[in-house]
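Visitor: Below are the structure tokens for one structure; questions will follow.
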Amino acid sequence: MNERTPLNNSQELKRLTRRLERERKARQEAERLLELKSSELYDASQQLAKEVHQVRILSAGVEAARDGVALMDKHGNCSYMNPAFAAIFGYQPSELLGQSWRMLFGSTERDRFISVIYPQFERDGVWRGEALGQSKIGETIVQDVVLSRLPDAGFLYSLRDITKRRGREKYARDLEERLLKAERESALFTFGNAVAHDFNNLIAAINGNVTMMKMDLQNDPDNYYRAHQIEIAIQQAANVIRSLEIERSNEVQLIAPLDLVELMNTGLQIASSIQPANIAVHTNFPSAAHIETNEVLLTRCLLNILTNAFAAMKEGGTFNIKITKRKSKLITSNAQMVTLGTAGKKLSYLIELTDDGTGINPEKLTRIFDEFYTTKPKVTGSGLGLESLKTLVETSKALVEVESSTGVGTRFRLSFYSDEKPAVQSAAKTPRQMGKTKTELKIMLVDDDALVGHTLKEQIESRNHHVTWYIDPAKALNAFKLNQKHYDIVITDLTMPGLSGKELAAQLKQLSPNLPIILYSGQTAYIEKDSLYAAILQKPITLKALEAALVKAVS
């Protein structure tokens with residue numbers, strides 16, 4: 001057997017050494033590659049975990065979304081939808097899966113999709129707009145729709161149900177149109193009836209004097225006839241004036257249940273166009289607040305108060321509106337207050353509207369409800385704005401309170417009361433109120449027009465009654481408080497500054513429930529019958545009508 005030589009052994013060793021080195025390097029490279037791949041695999045698994053987590057979050061978000069989301073395949077059939085999508089149309093998800101999008105629309109809208117919307121979508125790969133869907137029970141659903149092309153030739157159909165929003169917007173537009181109409185009618189009503197009132201006062205004075213002349217001309221047939229002809233002409237003139245009077249629109253007289261919160265939000269939406277950028281409006285509303293009033297009239301009140309507040313905050317500020325059942329404290333301890341109307345026993349809700357503007361001077365505060373009165377410069381306001389508050393009190397069970405402090409701000413508080421049946425007052429009359437049809441009556445006459453008051457006083461006294469005439473209704477009220485027994489009956493004009501005939505009658509009835517009150521006006525057409533009044537007379541008042549009213553009042 002041959003033995004290897006030392007040279008051969010040395011070569012074999014070198015060969016083995018090289019082989020081992022190659023294997024070592026190959027093993028190191030394999031380990032490096034394995035470590036690299038392991039790191040890449042770990043990074044990939046971590047990224048996949050993140051993506052899975054994101055997909056789960058996205059899926060949960062889509063499932064919980066209030067907007068509807070659906071996937072349509074290339075044939076237009078539904079392969080997935082979130083619960084909101086099915087609920088918007090009134091279906092269960094199982095009823096829509098595999099069904100065509102066409103079943104979600106009426107025939108007219110399907111034709112629109114095919115002829116108009118789908119060609120735009122094919123061209124651009126996306127379409128956004130409004131569409132009219134159809135629910136399971138056939139109701140129209142106004143949708144804000146987005147269609148997006150998917151890689152598999154299908155598309156993503158996402159939508160938002162804006163039916164209620166469009167309904168609110170339509171309601172706001174309709175209300176705004178009714179407001180504009182009511183504002184025009186209010187201005188016309190105020191101006192037209194103010195003119196008619198003044199003419200009726202003049203006619204009433206002329207008529208009264210002619211009546212007195214006829215009494216003095218009983219033995220002078222020619223002049224008596226002429227006076228009689230004048231009297232006929234006066235009645236004809238009164239009829240002409242009456243035909244020109246403008247009746248208050250039913251738009252502000254209809255009382256109906258409404259949600260105060262919804263109405264205030266709509267009113268603020270309308271008012272946003274006049275809100276200056278430097279004035280913030282803050283609201284504090286409950287979820288709902290149901291009252292009975294006129295929506296057009298109350299919205300007018302809100303807009304008029306907002307307009308005045310914005311004008312008082314020229315330098316900017318905050319306007320706060322709060323709906324509550326509990327009054328807030330005065331804006332300052334020295335705030336001045338004026339009220340309109342009377343409070344009921346059961347408060348439903350009240351609205352507090354507070355600005356931090358310049359405030360109203362105390363001497364002007366008492367006149368803010370007077371027709372045509374304004375604290376603004378002549379070029380910036382007509383003074384008609386707060387007339388709506390008087391109408392609100394007249395037509396609703398409401399109380400208006402205004403508090404203001406110069407340099408601090410103004411708060412309007414509108415309180416609404418639920419319907420209550422007043423306690424039945426005893427109908428028994430005292431002896432001095434019975435049977436006085438021909439004997440002397442002690443009468444309080446209230447009329448701010450000197451010509452009418454003087455003439456009417458003479459007419460009544462010609463029938464042997466004692467008359468105390470007051471020009472100022474507030475002074476008349478104070479006189480009655482001091483000596484109620486001095487008056488058997490009160491006769492009052494309707495339209496007077498500071499305290500109207502209605503307001504005077506209400507306060508007198510609180511003091512003496514059985515007191516007969518006769519109300520007269522040139523505009524009796526819109527005076528509702530009320531147990532406050534024993535009679536309502538139309539100016540010019542004839543002596544015959546006056547005598548009949550007195551008999552009715554005390555009988």
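Ordered as shown in the structure tokens, chains take letters A, B, and onward, while each chain numbers its residues from 1 and ligands are numbered from 1 in the order shown.
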Tell me which protein, DNA and RNA residues are within 8 Å of A:Gly129, counting only C-alpha atoms, leaving out same-chain ones fewer than 2 positions away, and put them as number ranges by chain.
Guide: A: 127, 131, 144-146
Visitor: Could you list, as a ChimeraX atom specification, every residue within 6 Å of A:Leu350, counting only C-alpha atoms and ignoring same-chain residues fewer than 6 positions away?
Guide: /A:323-325,414-416
Visitor: Among the residues of stretch 1-206 of chain A, find those DSSP assigns to alpha helix (DSSP H) from the backbone and print them as JSON, numbers by chain.
Guide: {"A": [6, 7, 8, 9, 10, 11, 12, 13, 14, 15, 16, 17, 18, 19, 20, 21, 22, 23, 24, 25, 26, 27, 28, 29, 30, 31, 32, 33, 34, 35, 36, 37, 38, 39, 40, 41, 42, 43, 44, 45, 46, 47, 48, 49, 50, 51, 52, 53, 54, 55, 56, 57, 58, 59, 60, 61, 62, 63, 64, 83, 84, 85, 86, 87, 88, 89, 93, 94, 95, 96, 107, 108, 109, 110, 111, 112, 118, 119, 120, 121, 122, 123, 124, 163, 164, 165, 166, 167, 168, 169, 170, 171, 172, 173, 174, 175, 176, 177, 178, 179, 180, 181, 182, 183, 184, 185, 186, 187, 188, 189, 190, 191, 192, 193, 194, 195, 196, 197, 198, 199, 200, 201, 202, 203, 204, 205, 206]}
